file coords25.pdb (PDB, C-alpha atoms and all ligand atoms)
ATOM      1  CA  MET A 763      -8.286 -19.612  96.006  1.00  0.00           C
ATOM      2  CA  ARG A 764     -11.268 -18.369  94.045  1.00  0.00           C
ATOM      3  CA  GLU A 765      -9.723 -14.938  93.707  1.00  0.00           C
ATOM      4  CA  PHE A 766      -6.524 -16.530  92.439  1.00  0.00           C
ATOM      5  CA  TRP A 767      -8.362 -18.266  89.564  1.00  0.00           C
ATOM      6  CA  GLN A 768     -10.315 -15.159  88.705  1.00  0.00           C
ATOM      7  CA  ARG A 769      -7.095 -13.226  88.455  1.00  0.00           C
ATOM      8  CA  LYS A 770      -5.519 -15.985  86.372  1.00  0.00           C
ATOM      9  CA  VAL A 771      -8.409 -16.139  83.898  1.00  0.00           C
ATOM     10  CA  GLY A 772      -8.501 -12.363  83.814  1.00  0.00           C
ATOM     11  CA  ARG A 773      -4.860 -12.106  82.820  1.00  0.00           C
ATOM     12  CA  ALA A 774      -5.198 -14.881  80.256  1.00  0.00           C
ATOM     13  CA  GLY A 775      -8.294 -13.186  78.899  1.00  0.00           C
ATOM     14  CA  VAL A 776      -6.504  -9.869  78.566  1.00  0.00           C
ATOM     15  CA  ALA A 777      -3.557 -11.573  76.885  1.00  0.00           C
ATOM     16  CA  LEU A 778      -5.870 -13.391  74.472  1.00  0.00           C
ATOM     17  CA  LEU A 779      -7.740 -10.186  73.690  1.00  0.00           C
ATOM     18  CA  SER A 780      -4.472  -8.338  73.060  1.00  0.00           C
ATOM     19  CA  LEU A 781      -3.242 -11.128  70.786  1.00  0.00           C
ATOM     20  CA  THR A 782      -6.526 -11.143  68.859  1.00  0.00           C
ATOM     21  CA  PHE A 783      -6.337  -7.377  68.441  1.00  0.00           C
ATOM     22  CA  LEU A 784      -2.721  -7.584  67.275  1.00  0.00           C
ATOM     23  CA  LEU A 785      -3.506 -10.309  64.711  1.00  0.00           C
ATOM     24  CA  ALA A 786      -6.552  -8.423  63.443  1.00  0.00           C
ATOM     25  CA  THR A 787      -4.443  -5.273  63.019  1.00  0.00           C
ATOM     26  CA  MET A 788      -1.741  -7.203  61.138  1.00  0.00           C
ATOM     27  CA  ALA A 789      -4.385  -8.783  58.861  1.00  0.00           C
ATOM     28  CA  LEU A 790      -5.872  -5.353  58.107  1.00  0.00           C
ATOM     29  CA  VAL A 791      -2.463  -3.856  57.310  1.00  0.00           C
ATOM     30  CA  ALA A 792      -1.667  -6.780  54.982  1.00  0.00           C
ATOM     31  CA  LEU A 793      -5.061  -6.415  53.311  1.00  0.00           C
ATOM     32  CA  ALA A 794      -4.590  -2.682  52.819  1.00  0.00           C
ATOM     33  CA  ALA A 795      -1.149  -3.257  51.259  1.00  0.00           C
ATOM     34  CA  ASN A 796      -2.658  -5.812  48.885  1.00  0.00           C
ATOM     35  CA  VAL A 797      -5.547  -3.590  47.863  1.00  0.00           C
ATOM     36  CA  ARG A 798      -3.210  -0.706  47.119  1.00  0.00           C
ATOM     37  CA  GLY A 799      -0.874  -3.034  45.242  1.00  0.00           C
ATOM     38  CA  GLY A 800       1.756  -1.441  47.416  1.00  0.00           C
ATOM     39  CA  SER A 801       3.926  -4.524  47.333  1.00  0.00           C
ATOM     40  CA  ALA A 802       4.404  -4.496  43.540  1.00  0.00           C
ATOM     41  CA  ARG A 803       7.711  -3.230  42.181  1.00  0.00           C
ATOM     42  CA  ASP A 804       7.597  -1.169  38.996  1.00  0.00           C
ATOM     43  CA  LEU A 805       9.697  -2.200  36.002  1.00  0.00           C
ATOM     44  CA  THR A 806       9.414   0.014  32.934  1.00  0.00           C
ATOM     45  CA  LEU A 807      10.027  -1.352  29.449  1.00  0.00           C
ATOM     46  CA  VAL A 808      10.382   0.979  26.479  1.00  0.00           C
ATOM     47  CA  ALA A 809      10.165  -0.214  22.876  1.00  0.00           C
ATOM     48  CA  ARG A 810      12.436   1.886  20.667  1.00  0.00           C
ATOM     49  CA  GLY A 811      13.938   1.125  17.253  1.00  0.00           C
ATOM     50  CA  ILE A 812      12.490  -2.403  17.372  1.00  0.00           C
ATOM     51  CA  ALA A 813      14.275  -3.220  20.652  1.00  0.00           C
ATOM     52  CA  PHE A 814      13.408  -3.367  24.342  1.00  0.00           C
ATOM     53  CA  TYR A 815      14.983  -1.026  26.889  1.00  0.00           C
ATOM     54  CA  ALA A 816      14.467  -1.363  30.640  1.00  0.00           C
ATOM     55  CA  ASP A 817      14.383   1.338  33.306  1.00  0.00           C
ATOM     56  CA  GLY A 818      16.559   3.714  31.317  1.00  0.00           C
ATOM     57  CA  ARG A 819      19.445   1.256  30.994  1.00  0.00           C
ATOM     58  CA  PRO A 820      21.431   1.716  27.755  1.00  0.00           C
ATOM     59  CA  GLU A 821      21.611  -1.880  26.498  1.00  0.00           C
ATOM     60  CA  ALA A 822      19.009  -3.261  24.101  1.00  0.00           C
ATOM     61  CA  ASN A 823      16.977  -6.322  25.078  1.00  0.00           C
ATOM     62  CA  PRO A 824      18.473  -6.437  28.591  1.00  0.00           C
ATOM     63  CA  THR A 825      18.322  -9.344  30.995  1.00  0.00           C
ATOM     64  CA  LEU A 826      15.568  -8.546  33.496  1.00  0.00           C
ATOM     65  CA  ARG A 827      16.246  -9.687  37.045  1.00  0.00           C
ATOM     66  CA  VAL A 828      13.288 -10.324  39.325  1.00  0.00           C
ATOM     67  CA  LYS A 829      12.878 -12.144  42.618  1.00  0.00           C
ATOM     68  CA  ALA A 830      11.068 -15.428  42.951  1.00  0.00           C
ATOM     69  CA  GLY A 831       7.550 -14.839  44.247  1.00  0.00           C
ATOM     70  CA  GLU A 832       7.662 -11.040  44.089  1.00  0.00           C
ATOM     71  CA  GLN A 833       4.977  -8.896  42.484  1.00  0.00           C
ATOM     72  CA  VAL A 834       6.198  -6.844  39.567  1.00  0.00           C
ATOM     73  CA  ARG A 835       4.203  -4.228  37.747  1.00  0.00           C
ATOM     74  CA  PHE A 836       5.508  -4.053  34.175  1.00  0.00           C
ATOM     75  CA  LEU A 837       4.919  -0.666  32.549  1.00  0.00           C
ATOM     76  CA  PHE A 838       5.125  -0.420  28.764  1.00  0.00           C
ATOM     77  CA  ARG A 839       5.921   2.649  26.672  1.00  0.00           C
ATOM     78  CA  ASN A 840       6.352   2.743  22.926  1.00  0.00           C
ATOM     79  CA  GLN A 841       8.587   5.229  21.147  1.00  0.00           C
ATOM     80  CA  ASP A 842       8.059   3.518  17.767  1.00  0.00           C
ATOM     81  CA  ARG A 843       4.959   5.532  16.938  1.00  0.00           C
ATOM     82  CA  GLY A 844       2.160   3.398  15.514  1.00  0.00           C
ATOM     83  CA  MET A 845       4.169   0.169  15.608  1.00  0.00           C
ATOM     84  CA  ALA A 846       2.622  -2.882  17.272  1.00  0.00           C
ATOM     85  CA  HIS A 847       4.872  -4.284  19.997  1.00  0.00           C
ATOM     86  CA  ASP A 848       4.055  -6.661  22.791  1.00  0.00           C
ATOM     87  CA  PHE A 849       5.785  -8.321  25.720  1.00  0.00           C
ATOM     88  CA  ALA A 850       5.263 -12.061  25.750  1.00  0.00           C
ATOM     89  CA  VAL A 851       6.567 -14.630  28.218  1.00  0.00           C
ATOM     90  CA  SER A 852       5.153 -17.924  27.049  1.00  0.00           C
ATOM     91  CA  ALA A 853       6.310 -19.784  30.184  1.00  0.00           C
ATOM     92  CA  TRP A 854       4.129 -17.396  32.214  1.00  0.00           C
ATOM     93  CA  ARG A 855       1.275 -17.418  29.664  1.00  0.00           C
ATOM     94  CA  LEU A 856       1.698 -13.650  29.482  1.00  0.00           C
ATOM     95  CA  THR A 857       1.200 -11.410  26.466  1.00  0.00           C
ATOM     96  CA  GLN A 858       0.730  -7.693  26.984  1.00  0.00           C
ATOM     97  CA  ALA A 859       0.476  -5.180  24.147  1.00  0.00           C
ATOM     98  CA  PHE A 860       2.460  -1.962  24.203  1.00  0.00           C
ATOM     99  CA  PRO A 861       0.435   1.181  23.539  1.00  0.00           C
ATOM    100  CA  ARG A 862       0.688   2.480  19.972  1.00  0.00           C
ATOM    101  CA  GLU A 863       1.498   6.086  20.821  1.00  0.00           C
ATOM    102  CA  PRO A 864       4.446   7.614  22.693  1.00  0.00           C
ATOM    103  CA  GLY A 865       3.248   9.147  25.942  1.00  0.00           C
ATOM    104  CA  GLU A 866       0.785   6.347  26.582  1.00  0.00           C
ATOM    105  CA  THR A 867       1.430   3.566  29.059  1.00  0.00           C
ATOM    106  CA  SER A 868       0.033   0.103  29.431  1.00  0.00           C
ATOM    107  CA  SER A 869       0.779  -2.156  32.362  1.00  0.00           C
ATOM    108  CA  VAL A 870       0.334  -5.590  33.810  1.00  0.00           C
ATOM    109  CA  VAL A 871       0.972  -6.889  37.336  1.00  0.00           C
ATOM    110  CA  VAL A 872       2.722 -10.241  37.470  1.00  0.00           C
ATOM    111  CA  ARG A 873       3.449 -12.491  40.379  1.00  0.00           C
ATOM    112  CA  VAL A 874       6.839 -13.986  39.579  1.00  0.00           C
ATOM    113  CA  PRO A 875       6.987 -17.812  39.858  1.00  0.00           C
ATOM    114  CA  ASP A 876       8.510 -19.224  43.027  1.00  0.00           C
ATOM    115  CA  ARG A 877      11.042 -21.302  41.145  1.00  0.00           C
ATOM    116  CA  PRO A 878      14.296 -19.556  40.152  1.00  0.00           C
ATOM    117  CA  GLY A 879      15.309 -19.905  36.523  1.00  0.00           C
ATOM    118  CA  SER A 880      15.577 -18.196  33.146  1.00  0.00           C
ATOM    119  CA  TYR A 881      12.574 -17.372  31.024  1.00  0.00           C
ATOM    120  CA  PRO A 882      12.715 -15.937  27.504  1.00  0.00           C
ATOM    121  CA  TYR A 883      10.682 -12.848  26.675  1.00  0.00           C
ATOM    122  CA  VAL A 884       9.901 -11.694  23.150  1.00  0.00           C
ATOM    123  CA  CYS A 885       7.875  -9.220  21.183  1.00  0.00           C
ATOM    124  CA  THR A 886       5.644 -11.533  19.153  1.00  0.00           C
ATOM    125  CA  PRO A 887       5.691  -9.566  15.841  1.00  0.00           C
ATOM    126  CA  HIS A 888       9.472  -8.989  16.068  1.00  0.00           C
ATOM    127  CA  ALA A 889      10.600 -12.120  17.891  1.00  0.00           C
ATOM    128  CA  ALA A 890      13.730 -12.437  15.741  1.00  0.00           C
ATOM    129  CA  VAL A 891      15.218  -9.185  17.083  1.00  0.00           C
ATOM    130  CA  MET A 892      13.178  -8.201  20.141  1.00  0.00           C
ATOM    131  CA  ARG A 893      14.005 -10.923  22.614  1.00  0.00           C
ATOM    132  CA  GLY A 894      15.715 -11.257  25.955  1.00  0.00           C
ATOM    133  CA  THR A 895      15.828 -13.197  29.183  1.00  0.00           C
ATOM    134  CA  ILE A 896      14.104 -12.824  32.518  1.00  0.00           C
ATOM    135  CA  GLU A 897      16.209 -14.184  35.344  1.00  0.00           C
ATOM    136  CA  VAL A 898      14.264 -15.235  38.416  1.00  0.00           C
ATOM    137  CA  VAL A 899      16.614 -15.176  41.390  1.00  0.00           C
ATOM    138  CA  PRO A 900      15.889 -16.544  44.875  1.00  0.00           C
TER     139      PRO A 900
HETATM  140 CU    CU B   1       7.954  -5.443  18.554  1.00  0.00          CU
END
call {"tool": "encode", "arguments": {"input": "coords25.pdb", "output": "structure tokens", "more": "lines below"}}
Ligand SMILES: [Cu+2]
result
Amino acid sequence: MREFWQRKVGRAGVALLSLTFLLATMALVALAANVRGGSARDLTLVARGIAFYADGRPEANPTLRVKAGEQVRFLFRNQDRGMAHDFAVSAWRLTQAFPREPGETSSVVVRVPDRPGSYPYVCTPHAAVMRGTIEVVP
């Protein structure tokens, strides 16, 4: 009888130890991914001729589709040499300046809100013509 219980505790102990090890490993992997920012998706915006262009798509001021809750790294490039552009999403309290010179990049990492919906984006100095919509999809 005694041997039976020792075996039982032993197996449970091994199982518990294995589970602990597994959880610790998963936590470390998640932590490493976070530290690297490996989960952020890149989205490049180019300012050109007082308009926004995204990821090489041809249309000006395109609708940007992002997923609710995802991490997006916005990268900004400016082909209007010396002109001040920014990317502002007032609903997200976000304003990020574009660099002044072509060849330079600025960036900001954003965690997209959990709630799907449409959010306007503008360039503050040129809000009349540089404006578009961010669509947050589930
Ligand atoms: Cu602008």
call {"tool": "resolve_selection", "arguments": {"input": "coords25.pdb", "expression": "the PyMOL selection byres (((not hetatm)) within 7 of (chain B and resi 1))", "output": "short mmCIF file (atom, residue, chain, number, x, y, z; two decimals) with C-alpha atoms, in the frame of the given file"}}
result
data_model
loop_
_atom_site.label_atom_id
_atom_site.label_comp_id
_atom_site.auth_asym_id
_atom_site.auth_seq_id
_atom_site.Cartn_x
_atom_site.Cartn_y
_atom_site.Cartn_z
CA ILE A 812 12.49 -2.40 17.37
CA ALA A 846 2.62 -2.88 17.27
CA HIS A 847 4.87 -4.28 20.00
CA ASP A 848 4.06 -6.66 22.79
CA CYS A 885 7.88 -9.22 21.18
CA THR A 886 5.64 -11.53 19.15
CA PRO A 887 5.69 -9.57 15.84
CA HIS A 888 9.47 -8.99 16.07
CA MET A 892 13.18 -8.20 20.14
#
call {"tool": "atom_distance", "arguments": {"input": "coords25.pdb", "atom1": "CA of Glu866 in chain A", "atom2": "CA of Phe849 in chain A"}}
result
15.5 Å
call {"tool": "closest_residue", "arguments": {"input": "coords25.pdb", "among": "A:Asp842, A:Glu832, A:Asp876, A:Asp804", "to": "Ala816 in chain A", "atoms": "only C-alpha atoms"}}
result
A:Asp804
call {"tool": "resolve_selection", "arguments": {"input": "coords25.pdb", "expression": "the PyMOL selection byres (((chain A and resi 856) around 12) and not hetatm)", "output": "number ranges by chain"}}
result
A: 836, 848-855, 857-859, 869-874, 881-886
call {"tool": "closest_residue", "arguments": {"input": "coords25.pdb", "among": "A:Met845, A:Leu826, A:Ile896, A:Arg810", "to": "Ser880 in chain A", "atoms": "only C-alpha atoms"}}
result
A:Ile896
call {"tool": "decode", "arguments": {"input": "coords25.pdb", "residues": "range 781-899 of chain A", "atoms": "C-alpha atoms", "output": "PDB file, in the first residue's frame"}}
result
ATOM      1  CA  LEU A 781       3.587  21.016 -16.700  1.00  0.00           C
ATOM      2  CA  THR A 782       5.537  23.694 -14.823  1.00  0.00           C
ATOM      3  CA  PHE A 783       8.429  23.338 -17.251  1.00  0.00           C
ATOM      4  CA  LEU A 784       6.083  23.547 -20.238  1.00  0.00           C
ATOM      5  CA  LEU A 785       4.361  26.690 -18.905  1.00  0.00           C
ATOM      6  CA  ALA A 786       7.691  28.327 -18.083  1.00  0.00           C
ATOM      7  CA  THR A 787       8.937  27.595 -21.613  1.00  0.00           C
ATOM      8  CA  MET A 788       5.758  29.040 -23.154  1.00  0.00           C
ATOM      9  CA  ALA A 789       6.071  32.177 -20.977  1.00  0.00           C
ATOM     10  CA  LEU A 790       9.701  32.635 -22.053  1.00  0.00           C
ATOM     11  CA  VAL A 791       8.843  32.230 -25.740  1.00  0.00           C
ATOM     12  CA  ALA A 792       6.013  34.777 -25.413  1.00  0.00           C
ATOM     13  CA  LEU A 793       8.335  37.169 -23.588  1.00  0.00           C
ATOM     14  CA  ALA A 794      11.032  36.817 -26.234  1.00  0.00           C
ATOM     15  CA  ALA A 795       8.494  37.514 -29.005  1.00  0.00           C
ATOM     16  CA  ASN A 796       7.343  40.631 -27.160  1.00  0.00           C
ATOM     17  CA  VAL A 797      10.849  41.931 -26.570  1.00  0.00           C
ATOM     18  CA  ARG A 798      11.745  41.494 -30.224  1.00  0.00           C
ATOM     19  CA  GLY A 799       8.468  43.104 -31.257  1.00  0.00           C
ATOM     20  CA  GLY A 800       8.174  40.066 -33.464  1.00  0.00           C
ATOM     21  CA  SER A 801       4.405  40.160 -33.370  1.00  0.00           C
ATOM     22  CA  ALA A 802       4.116  43.627 -34.956  1.00  0.00           C
ATOM     23  CA  ARG A 803       3.130  43.824 -38.614  1.00  0.00           C
ATOM     24  CA  ASP A 804       4.825  46.488 -40.720  1.00  0.00           C
ATOM     25  CA  LEU A 805       2.720  48.975 -42.673  1.00  0.00           C
ATOM     26  CA  THR A 806       4.640  51.543 -44.703  1.00  0.00           C
ATOM     27  CA  LEU A 807       3.158  54.943 -45.496  1.00  0.00           C
ATOM     28  CA  VAL A 808       4.788  57.231 -48.043  1.00  0.00           C
ATOM     29  CA  ALA A 809       3.942  60.925 -48.345  1.00  0.00           C
ATOM     30  CA  ARG A 810       4.240  62.039 -51.967  1.00  0.00           C
ATOM     31  CA  GLY A 811       2.707  65.029 -53.756  1.00  0.00           C
ATOM     32  CA  ILE A 812       0.759  65.950 -50.607  1.00  0.00           C
ATOM     33  CA  ALA A 813      -0.945  62.532 -50.444  1.00  0.00           C
ATOM     34  CA  PHE A 814      -0.518  59.287 -48.529  1.00  0.00           C
ATOM     35  CA  TYR A 815       0.422  56.028 -50.246  1.00  0.00           C
ATOM     36  CA  ALA A 816       0.486  52.669 -48.468  1.00  0.00           C
ATOM     37  CA  ASP A 817       2.713  49.660 -49.098  1.00  0.00           C
ATOM     38  CA  GLY A 818       3.291  50.539 -52.735  1.00  0.00           C
ATOM     39  CA  ARG A 819      -0.410  50.559 -53.616  1.00  0.00           C
ATOM     40  CA  PRO A 820      -1.258  53.029 -56.413  1.00  0.00           C
ATOM     41  CA  GLU A 821      -4.248  54.846 -54.895  1.00  0.00           C
ATOM     42  CA  ALA A 822      -3.802  58.048 -52.902  1.00  0.00           C
ATOM     43  CA  ASN A 823      -5.020  58.218 -49.304  1.00  0.00           C
ATOM     44  CA  PRO A 824      -5.989  54.524 -49.251  1.00  0.00           C
ATOM     45  CA  THR A 825      -8.206  52.827 -46.709  1.00  0.00           C
ATOM     46  CA  LEU A 826      -5.896  51.020 -44.285  1.00  0.00           C
ATOM     47  CA  ARG A 827      -7.194  47.693 -43.015  1.00  0.00           C
ATOM     48  CA  VAL A 828      -5.909  46.416 -39.687  1.00  0.00           C
ATOM     49  CA  LYS A 829      -7.096  43.740 -37.288  1.00  0.00           C
ATOM     50  CA  ALA A 830      -8.630  44.505 -33.936  1.00  0.00           C
ATOM     51  CA  GLY A 831      -6.037  44.076 -31.199  1.00  0.00           C
ATOM     52  CA  GLU A 832      -3.069  43.487 -33.505  1.00  0.00           C
ATOM     53  CA  GLN A 833       0.248  45.302 -33.212  1.00  0.00           C
ATOM     54  CA  VAL A 834       1.135  47.367 -36.237  1.00  0.00           C
ATOM     55  CA  ARG A 835       4.414  49.119 -36.803  1.00  0.00           C
ATOM     56  CA  PHE A 836       3.746  52.135 -39.028  1.00  0.00           C
ATOM     57  CA  LEU A 837       6.796  53.196 -41.037  1.00  0.00           C
ATOM     58  CA  PHE A 838       6.845  56.685 -42.540  1.00  0.00           C
ATOM     59  CA  ARG A 839       8.805  57.889 -45.562  1.00  0.00           C
ATOM     60  CA  ASN A 840       8.597  61.310 -47.136  1.00  0.00           C
ATOM     61  CA  GLN A 841       9.229  61.955 -50.814  1.00  0.00           C
ATOM     62  CA  ASP A 842       8.157  65.615 -50.514  1.00  0.00           C
ATOM     63  CA  ARG A 843      11.625  66.824 -49.585  1.00  0.00           C
ATOM     64  CA  GLY A 844      11.594  69.296 -46.703  1.00  0.00           C
ATOM     65  CA  MET A 845       7.806  69.291 -46.346  1.00  0.00           C
ATOM     66  CA  ALA A 846       6.309  68.684 -42.903  1.00  0.00           C
ATOM     67  CA  HIS A 847       3.853  65.781 -42.935  1.00  0.00           C
ATOM     68  CA  ASP A 848       2.463  63.788 -40.068  1.00  0.00           C
ATOM     69  CA  PHE A 849       0.115  60.875 -39.495  1.00  0.00           C
ATOM     70  CA  ALA A 850      -2.560  61.680 -36.953  1.00  0.00           C
ATOM     71  CA  VAL A 851      -5.381  59.484 -35.684  1.00  0.00           C
ATOM     72  CA  SER A 852      -7.170  61.572 -33.105  1.00  0.00           C
ATOM     73  CA  ALA A 853      -9.332  58.649 -31.918  1.00  0.00           C
ATOM     74  CA  TRP A 854      -6.100  56.843 -30.986  1.00  0.00           C
ATOM     75  CA  ARG A 855      -4.418  60.001 -29.628  1.00  0.00           C
ATOM     76  CA  LEU A 856      -1.662  59.360 -32.159  1.00  0.00           C
ATOM     77  CA  THR A 857       0.408  61.929 -34.024  1.00  0.00           C
ATOM     78  CA  GLN A 858       3.664  60.865 -35.628  1.00  0.00           C
ATOM     79  CA  ALA A 859       5.806  63.151 -37.776  1.00  0.00           C
ATOM     80  CA  PHE A 860       7.186  61.984 -41.097  1.00  0.00           C
ATOM     81  CA  PRO A 861      10.910  62.549 -41.574  1.00  0.00           C
ATOM     82  CA  ARG A 862      11.773  65.622 -43.644  1.00  0.00           C
ATOM     83  CA  GLU A 863      14.173  63.935 -46.047  1.00  0.00           C
ATOM     84  CA  PRO A 864      13.634  61.114 -48.552  1.00  0.00           C
ATOM     85  CA  GLY A 865      15.600  58.058 -47.487  1.00  0.00           C
ATOM     86  CA  GLU A 866      14.847  58.610 -43.820  1.00  0.00           C
ATOM     87  CA  THR A 867      12.253  56.615 -41.930  1.00  0.00           C
ATOM     88  CA  SER A 868      10.328  57.270 -38.776  1.00  0.00           C
ATOM     89  CA  SER A 869       8.093  54.721 -37.114  1.00  0.00           C
ATOM     90  CA  VAL A 870       5.626  54.105 -34.354  1.00  0.00           C
ATOM     91  CA  VAL A 871       4.227  50.840 -32.971  1.00  0.00           C
ATOM     92  CA  VAL A 872       0.498  50.888 -32.336  1.00  0.00           C
ATOM     93  CA  ARG A 873      -1.720  48.363 -30.673  1.00  0.00           C
ATOM     94  CA  VAL A 874      -4.957  48.524 -32.637  1.00  0.00           C
ATOM     95  CA  PRO A 875      -8.101  48.936 -30.473  1.00  0.00           C
ATOM     96  CA  ASP A 876     -10.125  45.803 -29.808  1.00  0.00           C
ATOM     97  CA  ARG A 877     -13.320  47.321 -31.135  1.00  0.00           C
ATOM     98  CA  PRO A 878     -13.887  47.095 -34.910  1.00  0.00           C
ATOM     99  CA  GLY A 879     -14.799  50.339 -36.633  1.00  0.00           C
ATOM    100  CA  SER A 880     -13.616  53.151 -38.889  1.00  0.00           C
ATOM    101  CA  TYR A 881     -11.165  55.784 -37.765  1.00  0.00           C
ATOM    102  CA  PRO A 882     -10.125  58.816 -39.814  1.00  0.00           C
ATOM    103  CA  TYR A 883      -6.441  59.550 -40.306  1.00  0.00           C
ATOM    104  CA  VAL A 884      -5.072  62.877 -41.498  1.00  0.00           C
ATOM    105  CA  CYS A 885      -1.889  64.804 -42.007  1.00  0.00           C
ATOM    106  CA  THR A 886      -2.409  67.735 -39.645  1.00  0.00           C
ATOM    107  CA  PRO A 887      -0.887  70.495 -41.861  1.00  0.00           C
ATOM    108  CA  HIS A 888      -2.697  69.196 -44.976  1.00  0.00           C
ATOM    109  CA  ALA A 889      -5.866  67.761 -43.460  1.00  0.00           C
ATOM    110  CA  ALA A 890      -8.015  69.049 -46.331  1.00  0.00           C
ATOM    111  CA  VAL A 891      -6.302  66.786 -48.887  1.00  0.00           C
ATOM    112  CA  MET A 892      -4.270  64.230 -46.931  1.00  0.00           C
ATOM    113  CA  ARG A 893      -6.926  62.181 -45.213  1.00  0.00           C
ATOM    114  CA  GLY A 894      -8.199  58.635 -45.251  1.00  0.00           C
ATOM    115  CA  THR A 895      -9.797  55.909 -43.199  1.00  0.00           C
ATOM    116  CA  ILE A 896      -8.441  53.124 -41.045  1.00  0.00           C
ATOM    117  CA  GLU A 897     -10.776  50.155 -40.959  1.00  0.00           C
ATOM    118  CA  VAL A 898     -10.427  47.943 -37.909  1.00  0.00           C
ATOM    119  CA  VAL A 899     -11.773  44.506 -38.772  1.00  0.00           C
TER     120      VAL A 899
END
